[in-house]
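Q: Below is a structure I'd like to ask you about.
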Amino acid sequence: MVLPFTAVKSPLFSILKRISKSNPRAQSGLMKAFVSNNPSYGLLNAWAELEYQVNKKHRLSFKKSSSKQIIAFVSDSLSLSKSDQKRLKSISRQRNGVAHALGGRTSPTWSDVWFVLRVSKKYRKVNI
């Protein structure tokens with residue numbers, strides 16, 4: 001009997017379960033991204049997880065860039081270093097490039113995806 005992929009408890013699934021406990025859609029998307037080796041899709045879902053965590057604590061204004069607000073809330077809450085803030089801003093631009101199919105952008109890497117997931121996890125723990 002062959003079980004559907006979602007029923008199989010792979011090591012990757014257990015890792016992602018520890019990182020994304022509150023957003024099943026993002027977790028499912030991350031699994032699909034890893035299985036298909038698609039860091040662009042992974043970044044969209046990692047950012048969705050971060051955005052979900054921030055939205056639980058803060059109401060984002062529609063008058064300002066949501067990415068800038070997310071970065072500001074996370075940076076303040078976690079006291080991110082200037083280099084980590086800069087990296088998060090760069091990843092945000094990559095995410096927007098992927099989401100809006102903008103040309104002339106650098107492609108995201110798995111390192112970028114894991115960075116966003118780690119930031120999201122730290123933010124979630126600080127804001128429990």
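We label chains A, B, ... in the order they appear in the structure tokens, count residues from 1 in each chain, and number ligands from 1 in the order shown.
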Would you give me, as a tab-separated table, each residue of stretch 48-104 of chain A having an atom within 9 Å of an atom of stretch 120-125 of chain A, along with its shortest atom pair and that distance in Å to one decimal, using only C-alpha atoms and sorting by chain and residue number?
A:
residue	atom	partner	partner_atom	distance
A:Glu49	CA	A:Ser120	CA	6.9
A:Leu50	CA	A:Ser120	CA	4.8
A:Glu51	CA	A:Ser120	CA	8.4
A:Gln53	CA	A:Arg124	CA	6.2
A:Val54	CA	A:Tyr123	CA	8.0
A:Val74	CA	A:Tyr123	CA	6.6
A:Ser77	CA	A:Tyr123	CA	7.2
A:Leu78	CA	A:Tyr123	CA	6.7
Q: As a PyMOL selection string, please: the residues near stretch 87-99 of chain A (cut-off 9 Å, only C-alpha atoms, same-chain neighbours under 3 positions excluded).
A: chain A and resi 40-41+43-44+47+67-68+71+82-84+102-108+112-113+115-116
Q: Counting only C-alpha atoms, give me one row per residue of stretch 45-89 of chain A with an atom at most 7 Å from an atom of stretch 21-32 of chain A, showing the shortest contact pair and its distance in Å to one decimal, sorted by chain then residue number, as CSV.
A:
residue,atom,partner,partner_atom,distance
A:Asn45,CA,A:Ala26,CA,4.8
A:Ala46,CA,A:Ala26,CA,6.8
A:Ala48,CA,A:Ala26,CA,6.3
A:Glu49,CA,A:Ala26,CA,5.9
Q: Using DSSP on the backbone coordinates, identify the residues of chain A assigned to helix (DSSP H, G or I); present them as a ChimeraX atom specification.
A: /A:5-7,11-19,24-35,39-57,66-78,82-99,110-126
Q: What does the distance from atom CA of A:Val126 to atom CA of A:Ser61 come to in Å, to one decimal?
A: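 Between these atoms lies a distance of 22.2 Å.
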Q: Atom CA of A:Ser66 and atom CA of A:Arg118 are how many Å apart?
A: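 It comes out at 19.5 Å.
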Q: Using only C-alpha atoms, which residue out of A:Gly42, A:Asn127, A:Trp110, A:Asn37 lies closest to A:His58?
A: A:Asn127
